[in-house]
Every structure is written in C-alpha cells, then in structure tokens.
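Asks: Contents of entry-v2.cif (mmCIF, C-alpha atoms) are given next:
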```cif
data_final
loop_
_atom_site.label_atom_id
_atom_site.label_comp_id
_atom_site.auth_asym_id
_atom_site.auth_seq_id
_atom_site.Cartn_x
_atom_site.Cartn_y
_atom_site.Cartn_z
CA MET I 1 -11.85 0.15 -15.25
CA GLU I 2 -13.81 -2.77 -13.76
CA ILE I 3 -14.88 -2.72 -10.11
CA LYS I 4 -12.62 -5.61 -9.09
CA GLN I 5 -9.61 -4.03 -10.79
CA ALA I 6 -10.21 -0.78 -8.92
CA LEU I 7 -10.65 -2.59 -5.60
CA GLU I 8 -7.44 -4.54 -6.19
CA GLN I 9 -5.50 -1.26 -6.38
CA ILE I 10 -6.60 -0.36 -2.86
CA GLY I 11 -5.85 -3.74 -1.33
CA ILE I 12 -9.20 -5.52 -1.76
CA ALA I 13 -8.42 -8.36 -4.12
CA GLY I 14 -9.27 -11.97 -4.92
CA LYS I 15 -11.53 -13.76 -2.42
CA LYS I 16 -11.62 -10.67 -0.23
CA ALA I 17 -13.10 -8.65 -3.11
CA ASP I 18 -15.64 -11.41 -3.81
CA VAL I 19 -16.86 -11.43 -0.21
CA TYR I 20 -16.95 -7.62 0.00
CA LEU I 21 -18.91 -7.27 -3.24
CA SER I 22 -21.33 -9.99 -2.14
CA CYS I 23 -21.99 -8.11 1.11
CA LEU I 24 -22.66 -4.95 -0.89
CA GLU I 25 -24.96 -6.74 -3.31
CA MET I 26 -26.90 -8.65 -0.67
CA GLY I 27 -27.04 -5.69 1.72
CA GLY I 28 -26.65 -7.99 4.74
CA ALA I 29 -26.50 -11.75 5.04
CA THR I 30 -25.26 -14.64 7.14
CA ALA I 31 -21.83 -16.14 6.57
CA TYR I 32 -23.57 -19.23 5.22
CA LEU I 33 -25.37 -17.26 2.49
CA ILE I 34 -22.28 -15.29 1.61
CA ALA I 35 -20.21 -18.49 1.38
CA LYS I 36 -22.86 -20.06 -0.83
CA LYS I 37 -22.93 -17.03 -3.14
CA VAL I 38 -19.17 -16.76 -3.61
CA GLY I 39 -18.47 -20.50 -3.60
CA LEU I 40 -16.17 -20.55 -0.58
CA LYS I 41 -16.11 -22.57 2.62
CA ARG I 42 -17.57 -20.85 5.68
CA PRO I 43 -14.27 -20.84 7.68
CA THR I 44 -12.64 -18.96 4.80
CA VAL I 45 -15.53 -16.49 4.63
CA TYR I 46 -15.36 -15.92 8.40
CA ASP I 47 -11.65 -15.10 8.13
CA ILE I 48 -12.27 -12.63 5.32
CA ILE I 49 -15.24 -11.04 7.08
CA ASN I 50 -13.13 -10.53 10.19
CA GLN I 51 -10.56 -8.70 8.06
CA LEU I 52 -13.27 -6.52 6.53
CA MET I 53 -14.70 -5.79 9.96
CA LYS I 54 -11.29 -4.68 11.27
CA GLU I 55 -11.10 -2.28 8.32
CA GLY I 56 -14.57 -0.97 9.09
CA LEU I 57 -15.96 -2.12 5.75
CA VAL I 58 -18.41 -4.64 7.22
CA HIS I 59 -20.55 -4.51 10.38
CA LYS I 60 -21.97 -7.41 12.41
CA THR I 61 -25.49 -7.44 13.81
CA ILE I 62 -27.27 -10.18 15.76
CA LYS I 63 -30.94 -10.95 15.24
CA GLY I 64 -32.11 -13.64 17.59
CA ASN I 65 -29.14 -15.97 17.69
CA ILE I 66 -28.18 -15.38 14.07
CA LYS I 67 -25.24 -13.20 13.00
CA TYR I 68 -25.70 -10.97 9.98
CA TYR I 69 -22.94 -9.11 8.18
CA SER I 70 -23.77 -5.80 6.52
CA PRO I 71 -21.55 -3.52 4.43
CA ALA I 72 -20.57 0.00 5.47
CA ASP I 73 -21.23 2.86 3.04
CA PRO I 74 -18.66 2.54 0.19
CA GLU I 75 -17.86 6.24 0.66
CA LEU I 76 -15.69 4.97 3.50
CA LEU I 77 -13.17 3.81 0.88
CA ILE I 78 -12.59 7.39 -0.24
CA ARG I 79 -12.15 8.58 3.34
CA LYS I 80 -9.62 5.79 3.94
CA LEU I 81 -7.65 6.75 0.84
CA HIS I 82 -7.67 10.39 1.92
CA GLN I 83 -6.36 9.42 5.35
CA LYS I 84 -3.57 7.39 3.75
CA GLU I 85 -2.60 10.44 1.70
CA VAL I 86 -2.58 12.59 4.84
CA ASN I 87 -0.36 10.04 6.60
CA ILE I 88 2.07 9.90 3.67
CA ARG I 89 2.28 13.70 3.47
CA GLN I 90 3.12 13.83 7.18
CA ILE I 91 6.16 11.60 6.70
CA MET I 92 7.13 13.06 3.29
CA PRO I 93 9.82 15.42 4.72
CA SER I 94 11.54 12.43 6.33
CA LEU I 95 11.27 10.41 3.11
CA GLN I 96 12.69 13.31 1.09
CA ASN I 97 15.59 13.65 3.53
CA LEU I 98 16.42 10.00 3.01
CA TYR I 99 16.01 10.36 -0.76
CA ASN I 100 18.27 13.43 -0.91
CA SER I 101 20.83 12.26 1.66
CA PRO I 102 24.46 12.02 0.49
CA LYS I 103 25.26 8.68 -1.08
CA THR I 104 28.67 7.08 -1.19
CA LYS I 105 28.01 5.68 -4.67
CA PRO I 106 26.41 7.61 -7.55
CA PHE I 107 22.69 6.99 -7.76
CA ILE I 108 21.51 6.65 -11.36
CA ARG I 109 17.94 6.81 -12.63
CA TYR I 110 16.93 6.04 -16.20
CA PHE I 111 14.03 7.53 -18.19
CA GLU I 112 12.54 6.35 -21.48
CA GLY I 113 10.30 7.97 -24.10
CA SER I 114 9.00 11.54 -24.23
CA GLU I 115 7.08 11.18 -20.94
CA GLY I 116 10.20 9.86 -19.23
CA ILE I 117 12.24 12.79 -20.55
CA LYS I 118 9.63 15.21 -19.22
CA ALA I 119 9.79 13.58 -15.79
CA MET I 120 13.57 13.89 -15.91
CA TYR I 121 13.41 17.63 -16.62
CA ASP I 122 10.76 18.13 -13.91
CA ASP I 123 13.28 16.79 -11.40
CA SER I 124 15.30 20.00 -11.70
CA LEU I 125 12.33 22.11 -10.62
CA LYS I 126 11.72 19.78 -7.68
CA SER I 127 15.37 19.92 -6.64
CA LEU I 128 15.96 23.67 -6.90
CA LYS I 129 14.68 26.82 -5.19
CA LYS I 130 14.51 30.49 -6.09
CA GLY I 131 17.94 31.86 -6.99
CA ASP I 132 19.43 28.48 -7.87
CA GLU I 133 20.97 27.88 -11.28
CA ILE I 134 21.00 25.22 -13.97
CA LEU I 135 24.09 24.87 -16.15
CA ALA I 136 23.32 23.39 -19.55
CA TYR I 137 24.81 22.18 -22.81
CA VAL I 138 21.94 22.22 -25.30
CA GLY I 139 21.81 20.64 -28.75
CA GLU I 140 19.17 21.51 -31.33
CA ASP I 141 17.10 18.34 -30.89
CA ILE I 142 15.36 19.32 -27.65
CA LEU I 143 13.81 22.43 -29.21
CA ASN I 144 12.51 20.32 -32.10
CA ASN I 145 11.29 17.19 -30.29
CA ILE I 146 9.19 18.46 -27.37
CA PRO I 147 8.67 22.21 -28.01
CA ASP I 148 5.31 22.49 -26.20
CA TYR I 149 6.68 20.88 -23.06
CA ILE I 150 9.83 23.04 -23.17
CA SER I 151 7.69 26.19 -23.31
CA ASP I 152 5.72 25.03 -20.27
CA TYR I 153 8.90 23.97 -18.44
CA VAL I 154 10.55 27.35 -19.02
CA LYS I 155 7.42 29.12 -17.76
CA ARG I 156 7.43 27.06 -14.54
CA ARG I 157 11.17 27.55 -14.10
CA VAL I 158 10.79 31.33 -14.36
CA GLU I 159 7.84 31.32 -11.94
CA LYS I 160 10.03 29.49 -9.44
CA GLY I 161 12.90 31.95 -9.93
CA VAL I 162 15.44 29.36 -11.12
CA ARG I 163 18.03 30.82 -13.50
CA THR I 164 19.92 29.02 -16.25
CA ARG I 165 23.21 29.46 -18.10
CA GLY I 166 23.54 27.50 -21.29
CA ILE I 167 25.78 26.87 -24.26
CA TYR I 168 23.54 26.28 -27.27
CA ILE I 169 24.14 24.99 -30.77
CA GLU I 170 23.23 27.39 -33.56
CA SER I 171 20.00 26.42 -35.35
CA GLU I 172 17.07 27.92 -37.25
CA SER I 173 14.90 28.01 -34.13
CA ILE I 174 17.47 29.36 -31.69
CA GLY I 175 17.19 33.03 -32.68
CA GLY I 176 13.63 33.50 -31.46
CA TYR I 177 14.42 31.49 -28.34
CA MET I 178 17.38 33.71 -27.43
CA ARG I 179 15.41 36.96 -27.79
CA LYS I 180 13.57 36.03 -24.58
CA ASN I 181 16.72 35.44 -22.54
CA LYS I 182 16.20 38.28 -20.06
CA GLU I 183 12.54 37.58 -19.30
CA GLN I 184 13.23 33.85 -19.09
CA LEU I 185 16.12 34.24 -16.61
CA ARG I 186 18.61 32.84 -19.09
CA GLU I 187 22.21 33.63 -20.03
CA ALA I 188 23.26 31.98 -23.25
CA ARG I 189 26.16 31.55 -25.58
CA VAL I 190 25.49 30.20 -29.06
CA LEU I 191 28.09 28.27 -31.03
CA SER I 192 28.12 26.88 -34.54
CA LYS I 193 27.66 23.18 -35.22
CA LYS I 194 31.32 22.98 -36.20
CA GLU I 195 32.46 24.34 -32.84
CA PHE I 196 29.76 22.63 -30.79
CA PRO I 197 28.74 19.32 -32.45
CA VAL I 198 26.20 18.36 -29.78
CA LYS I 199 22.72 16.91 -30.30
CA ASN I 200 21.74 15.84 -26.82
CA GLU I 201 21.41 17.97 -23.68
CA THR I 202 23.21 17.93 -20.36
CA ASN I 203 21.87 19.81 -17.33
CA ILE I 204 23.94 20.25 -14.17
CA TYR I 205 22.17 21.36 -10.99
CA ALA I 206 22.27 20.76 -7.23
CA ASN I 207 24.16 17.45 -6.86
CA LYS I 208 22.88 16.01 -10.14
CA VAL I 209 23.78 15.67 -13.80
CA ALA I 210 20.87 15.01 -16.18
CA ILE I 211 21.56 13.79 -19.71
CA ALA I 212 18.89 13.55 -22.43
CA SER I 213 19.36 11.85 -25.80
CA TYR I 214 17.03 12.34 -28.79
CA GLY I 215 18.31 9.73 -31.21
CA ALA I 216 16.32 6.82 -32.63
CA GLU I 217 15.16 6.08 -29.07
CA MET I 218 14.46 8.97 -26.69
CA PHE I 219 15.96 8.31 -23.28
CA GLY I 220 17.68 10.07 -20.40
CA MET I 221 19.41 9.56 -17.10
CA ILE I 222 20.08 11.45 -13.89
CA ILE I 223 23.36 10.82 -12.11
CA GLU I 224 23.09 11.89 -8.48
CA SER I 225 26.54 12.46 -7.02
CA THR I 226 27.98 15.58 -5.40
CA GLU I 227 31.48 14.65 -6.58
CA ILE I 228 30.45 14.14 -10.20
CA ALA I 229 28.18 17.23 -10.23
CA ASN I 230 30.97 19.44 -8.85
CA ALA I 231 33.40 18.14 -11.46
CA GLN I 232 30.89 18.81 -14.26
CA LYS I 233 30.24 22.32 -12.91
CA ALA I 234 33.97 23.07 -13.08
CA ILE I 235 34.18 21.74 -16.65
CA PHE I 236 31.16 23.84 -17.61
CA GLU I 237 32.81 27.01 -16.29
CA LEU I 238 35.84 26.31 -18.51
CA ALA I 239 33.53 25.74 -21.49
CA TRP I 240 31.62 28.92 -20.68
CA LYS I 241 34.82 31.00 -20.74
CA GLY I 242 35.90 29.34 -23.97
CA ALA I 243 32.52 30.00 -25.58
CA GLU I 244 32.82 33.70 -24.71
CA LYS I 245 36.07 33.93 -26.67
CA LEU I 246 34.55 32.12 -29.66
#
```
Output the file's structure in the form of structure tokens.

Replies:
Amino acid sequence: MEIKQALEQIGIAGKKADVYLSCLEMGGATAYLIAKKVGLKRPTVYDIINQLMKEGLVHKTIKGNIKYYSPADPELLIRKLHQKEVNIRQIMPSLQNLYNSPKTKPFIRYFEGSEGIKAMYDDSLKSLKKGDEILAYVGEDILNNIPDYISDYVKRRVEKGVRTRGIYIESESIGGYMRKNKEQLREARVLSKKEFPVKNETNIYANKVAIASYGAEMFGMIIESTEIANAQKAIFELAWKGAEKL
C-alpha cells in the first residue's frame, strides 16, 4: 500500500496529505516553501497547516520574525489510532444495545461468497452465551463446501458452551460427524434424502433466523425478528418430534 493511500484511510487525504508529507520531507519550513513545493497558494497551505497543528501533527516555531512549521514524530499517528480504538470500545456496549434492540420490522442482512457465509455463521457465536442453543436444519452441502471452517466453528462453539440440536440429511460424510455428537454438544436426528430433501441450512437462535444456500452462487441471510424466530422455533420443535418417529 502506498503512503498516500494509507494516510487517506486515517483522514489525511488530498492536499492535506501533500502538505503533511512535505513537512515530513523538509523537516521544517516556512509556509512559502511548503506552498512552493506542493504547488498550492499560501492561504490554502495556512489553512491546512492550522488543521494539522490542531491535530498535533505539525508544530510552529518562530526564528526571528519568521514562522517555521515542523512535523511531529509520525509515531503519533499510531497513538491517535489507538486512542480512537479505546474511545470506540468505551461506547461499544451502547452501540451493541442499539444494534440488538427490538425492531418493529424484521432486520435483514445479506452475505455473499464463502467469506460472507463464514461471517454469517460467526454471528451466532457473537449472539449467544454459554448454555444457549442453536436449532438447525442441515443439508449435505455445508459439510462439503467449507469443511475446514465448519471444524473451526464447531470447536469455538463448544469452547463457548453453546449447544445445538439439528436435523441432518443422510450423506456419506455424516456418519463420522455424528460420532462426535456428545463431545461437540450436539443432539442430532438424521433423515434420508427422500424424507428430508434439503440442501441449504437454516439456523435459529436468539431472535434470529440464518439461512445459507450453496447453489451456483453461495449466499446467505440473517433475518432478525423475535416474532419470526419464535415461529421458526415452534416449527422446528414439531419437525424434531416428527424426525424422532421417522
């Protein structure tokens, strides 16, 4: 990544970046020399320098009657970023409360590609605590498409103490998966493809319903709605009882 691209990501872009980099390169100069170097008018340079001074990135010194502008140590940028992170973490509980607050309309998020699907599954671990449960309808495609991620996900789920109950489609790979049910905090019922013609996966947890599809294009969605989640939980319990009889 180029220097100017990196600076742009932390709010130092365009003419501001040009003036800041010139100060760093010259080590200290008058506004006239900086303006000459970057090709800007002095009033513009003065405005930018004042901004940089307010941010502590440039210091002013006076020698005789001449004002010189010198850069602060660039390490200051890292300290500023760290402070921003600290500030965000302090307000994160309030942001999460707003994010998780009840909504009158369902809130839907979409995810695309394998990385999007992984982010969708990770949401369940962020939303649940020890002792909580995920209800799932699981087709064969998930075990075949992202097996390494699923192994890691299951490990993190178990470490967090989140249980799962699932209805799975019978497949070549399901036998070995089911042998680890107890250690992986999983209850499962396995049905034949004829009885359970499902290829995608649906997870129901907290106030959310997550649906993943593994067709020609891998995508998923999370529907966040207490009403919809409760309805899906009730339907799952009926399916669970029916699967036991089968």

Asks: What do you get, as a compact mmCIF listing (two decimals) with C-alpha atoms, in the coordinates of the input, if you spell out every residue that the PyMOL selection byres ((chain I and resi 242) around 12) selects here?

Replies:
```txt
# COMPACT_ATOMS: atom_id res chain seq x y z
CA ILE I 167 25.78 26.87 -24.26
CA ARG I 189 26.16 31.55 -25.58
CA VAL I 190 25.49 30.20 -29.06
CA LEU I 191 28.09 28.27 -31.03
CA GLU I 195 32.46 24.34 -32.84
CA PHE I 196 29.76 22.63 -30.79
CA ILE I 235 34.18 21.74 -16.65
CA PHE I 236 31.16 23.84 -17.61
CA GLU I 237 32.81 27.01 -16.29
CA LEU I 238 35.84 26.31 -18.51
CA ALA I 239 33.53 25.74 -21.49
CA TRP I 240 31.62 28.92 -20.68
CA LYS I 241 34.82 31.00 -20.74
CA ALA I 243 32.52 30.00 -25.58
CA GLU I 244 32.82 33.70 -24.71
CA LYS I 245 36.07 33.93 -26.67
CA LEU I 246 34.55 32.12 -29.66
```

Asks: Tell me, as an mmCIF file with C-alpha atoms, in the frame of the given file, which residues lie within 12 Å of Asp47 in chain I, counting only C-alpha atoms; anything in the same chain fewer than 5 positions away does not count.

Replies:
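The result, written out as around-v5.cif:
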```cif
data_model
loop_
_atom_site.group_PDB
_atom_site.id
_atom_site.type_symbol
_atom_site.label_atom_id
_atom_site.label_comp_id
_atom_site.auth_asym_id
_atom_site.auth_seq_id
_atom_site.Cartn_x
_atom_site.Cartn_y
_atom_site.Cartn_z
ATOM 1 C CA LYS I 15 -11.530 -13.760 -2.420
ATOM 2 C CA LYS I 16 -11.620 -10.670 -0.230
ATOM 3 C CA VAL I 19 -16.860 -11.430 -0.210
ATOM 4 C CA ALA I 31 -21.830 -16.140 6.570
ATOM 5 C CA ALA I 35 -20.210 -18.490 1.380
ATOM 6 C CA LEU I 40 -16.170 -20.550 -0.580
ATOM 7 C CA LYS I 41 -16.110 -22.570 2.620
ATOM 8 C CA ARG I 42 -17.570 -20.850 5.680
ATOM 9 C CA LEU I 52 -13.270 -6.520 6.530
ATOM 10 C CA MET I 53 -14.700 -5.790 9.960
ATOM 11 C CA LYS I 54 -11.290 -4.680 11.270
#
```

Asks: Name the residues in contact with range 172-185 of chain I at a cut-off of 12 Å, using all atoms listed in the file, excluding same-chain residues fewer than 4 positions from it; report them as an NGL selection string.

Replies: :I and (130-134 or 138-144 or 147 or 150-168 or 189-193)

Asks: Determine, counting all atoms listed in the file, which protein, DNA and RNA residues have an atom within 10 Å of an atom of Pro71 in chain I; residues of the same chain fewer than 2 positions away are not included. Present the result as a list in words.

Replies: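 Those residues are Tyr20, Leu21, Ser22, Cys23, Leu24, Glu25, Met26, Gly27, Gly28, Ala29, Leu52, Met53, Gly56, Leu57, Val58, His59, Lys60, Tyr69, Asp73 and Pro74 of chain I.
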
Asks: List every residue of range 174-220 of chain I that has an atom at most 12 Å from any atom of range 115-122 of chain I, giving for each one its closest atom pair and the distance in Å to one decimal, counting all atoms listed in the file, sorted by chain and then by ascending residue number, as CSV.

Replies:
```
residue,atom,partner,partner_atom,distance
I:Asn200,CA,I:Ile117,CA,11.8
I:Glu201,CA,I:Tyr121,CA,10.7
I:Thr202,CA,I:Tyr121,CA,10.5
I:Asn203,CA,I:Tyr121,CA,8.8
I:Ile204,CA,I:Tyr121,CA,11.1
I:Tyr205,CA,I:Tyr121,CA,11.1
I:Lys208,CA,I:Met120,CA,11.2
I:Val209,CA,I:Met120,CA,10.6
I:Ala210,CA,I:Met120,CA,7.4
I:Ile211,CA,I:Met120,CA,8.8
I:Ala212,CA,I:Ile117,CA,7.0
I:Ser213,CA,I:Ile117,CA,8.9
I:Tyr214,CA,I:Ile117,CA,9.5
I:Glu217,CA,I:Ile117,CA,11.2
I:Met218,CA,I:Ile117,CA,7.6
I:Phe219,CA,I:Ile117,CA,6.4
I:Gly220,CA,I:Ile117,CA,6.1
```

Asks: Would you kindly translate the PyMOL selection byres ((chain I and resi 227) around 12) into the concrete residues it picks from this file, as a JSON list (two decimals) with C-alpha atoms, keeping the file's coordinate frame?

Replies:
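The result, stored in out-v6.json:
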```json
[["chain", "number", "residue", "atom", "x", "y", "z"],
["I", 102, "PRO", "CA", 24.46, 12.02, 0.49],
["I", 103, "LYS", "CA", 25.26, 8.68, -1.08],
["I", 104, "THR", "CA", 28.67, 7.08, -1.19],
["I", 105, "LYS", "CA", 28.01, 5.68, -4.67],
["I", 106, "PRO", "CA", 26.41, 7.61, -7.55],
["I", 107, "PHE", "CA", 22.69, 6.99, -7.76],
["I", 206, "ALA", "CA", 22.27, 20.76, -7.23],
["I", 207, "ASN", "CA", 24.16, 17.45, -6.86],
["I", 208, "LYS", "CA", 22.88, 16.01, -10.14],
["I", 209, "VAL", "CA", 23.78, 15.67, -13.80],
["I", 223, "ILE", "CA", 23.36, 10.82, -12.11],
["I", 224, "GLU", "CA", 23.09, 11.89, -8.48],
["I", 225, "SER", "CA", 26.54, 12.46, -7.02],
["I", 226, "THR", "CA", 27.98, 15.58, -5.40],
["I", 228, "ILE", "CA", 30.45, 14.14, -10.20],
["I", 229, "ALA", "CA", 28.18, 17.23, -10.23],
["I", 230, "ASN", "CA", 30.97, 19.44, -8.85],
["I", 231, "ALA", "CA", 33.40, 18.14, -11.46],
["I", 232, "GLN", "CA", 30.89, 18.81, -14.26],
["I", 233, "LYS", "CA", 30.24, 22.32, -12.91],
["I", 234, "ALA", "CA", 33.97, 23.07, -13.08]]
```

Asks: Interatomic distance between CA of Ile10 in chain I and CA of Ile78 in chain I?

Replies: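 Distance between the two atoms: 10.1 Å.
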
Asks: At what distance in Å, to one decimal, does CA of Leu7 in chain I lie from CA of Gln83 in chain I?

Replies: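 It comes out at 16.8 Å.
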
Asks: CA of Asp123 in chain I and CA of Ile108 in chain I, how far apart in Å?

Replies: 13.1 Å

Asks: Restricting the calculation to all atoms listed in the file: of I:Gly64, I:Thr44, I:Glu170, I:Ala17, which residue gets closest to Ile3 in chain I?

Replies: I:Ala17

Asks: My structure is short of atoms at range 194-214 of chain I; please model N, CA and C atoms there, returning them as a compact mmCIF listing (two decimals), in the frame of the given file.

Replies:
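Saved to out.txt:
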```txt
# COMPACT_ATOMS: atom_id res chain seq x y z
N LYS I 194 29.93 23.40 -36.04
CA LYS I 194 31.32 22.98 -36.20
C LYS I 194 32.06 23.08 -34.87
N GLU I 195 31.78 24.14 -34.11
CA GLU I 195 32.46 24.34 -32.84
C GLU I 195 31.80 23.57 -31.70
N PHE I 196 30.54 23.25 -31.88
CA PHE I 196 29.76 22.63 -30.79
C PHE I 196 28.88 21.52 -31.35
N PRO I 197 29.49 20.40 -31.78
CA PRO I 197 28.74 19.32 -32.45
C PRO I 197 27.96 18.45 -31.45
N VAL I 198 26.95 19.06 -30.82
CA VAL I 198 26.20 18.36 -29.78
C VAL I 198 24.73 18.26 -30.18
N LYS I 199 24.14 17.09 -30.01
CA LYS I 199 22.72 16.91 -30.30
C LYS I 199 21.89 16.67 -29.05
N ASN I 200 22.50 16.11 -28.05
CA ASN I 200 21.74 15.84 -26.82
C ASN I 200 21.81 17.05 -25.89
N GLU I 201 21.35 16.89 -24.67
CA GLU I 201 21.41 17.97 -23.68
C GLU I 201 21.93 17.43 -22.36
N THR I 202 22.73 18.25 -21.70
CA THR I 202 23.21 17.93 -20.36
C THR I 202 22.88 19.09 -19.44
N ASN I 203 22.19 18.81 -18.34
CA ASN I 203 21.87 19.81 -17.33
C ASN I 203 22.60 19.46 -16.03
N ILE I 204 23.22 20.46 -15.42
CA ILE I 204 23.94 20.25 -14.17
C ILE I 204 23.30 21.16 -13.12
N TYR I 205 22.84 20.58 -12.03
CA TYR I 205 22.17 21.36 -10.99
C TYR I 205 22.23 20.59 -9.67
N ALA I 206 22.20 21.37 -8.57
CA ALA I 206 22.27 20.76 -7.23
C ALA I 206 23.42 19.74 -7.22
N ASN I 207 23.13 18.50 -6.86
CA ASN I 207 24.16 17.45 -6.86
C ASN I 207 23.88 16.44 -7.96
N LYS I 208 23.33 16.92 -9.09
CA LYS I 208 22.88 16.01 -10.14
C LYS I 208 23.36 16.44 -11.52
N VAL I 209 23.49 15.45 -12.39
CA VAL I 209 23.78 15.67 -13.80
C VAL I 209 22.72 14.90 -14.59
N ALA I 210 21.93 15.63 -15.38
CA ALA I 210 20.87 15.01 -16.18
C ALA I 210 21.27 15.05 -17.65
N ILE I 211 21.16 13.90 -18.31
CA ILE I 211 21.56 13.79 -19.71
C ILE I 211 20.38 13.26 -20.51
N ALA I 212 20.01 13.97 -21.57
CA ALA I 212 18.89 13.55 -22.43
C ALA I 212 19.41 13.29 -23.84
N SER I 213 18.97 12.19 -24.44
CA SER I 213 19.36 11.85 -25.80
C SER I 213 18.11 11.75 -26.67
N TYR I 214 18.20 12.31 -27.90
CA TYR I 214 17.03 12.34 -28.79
C TYR I 214 17.33 11.63 -30.10
```
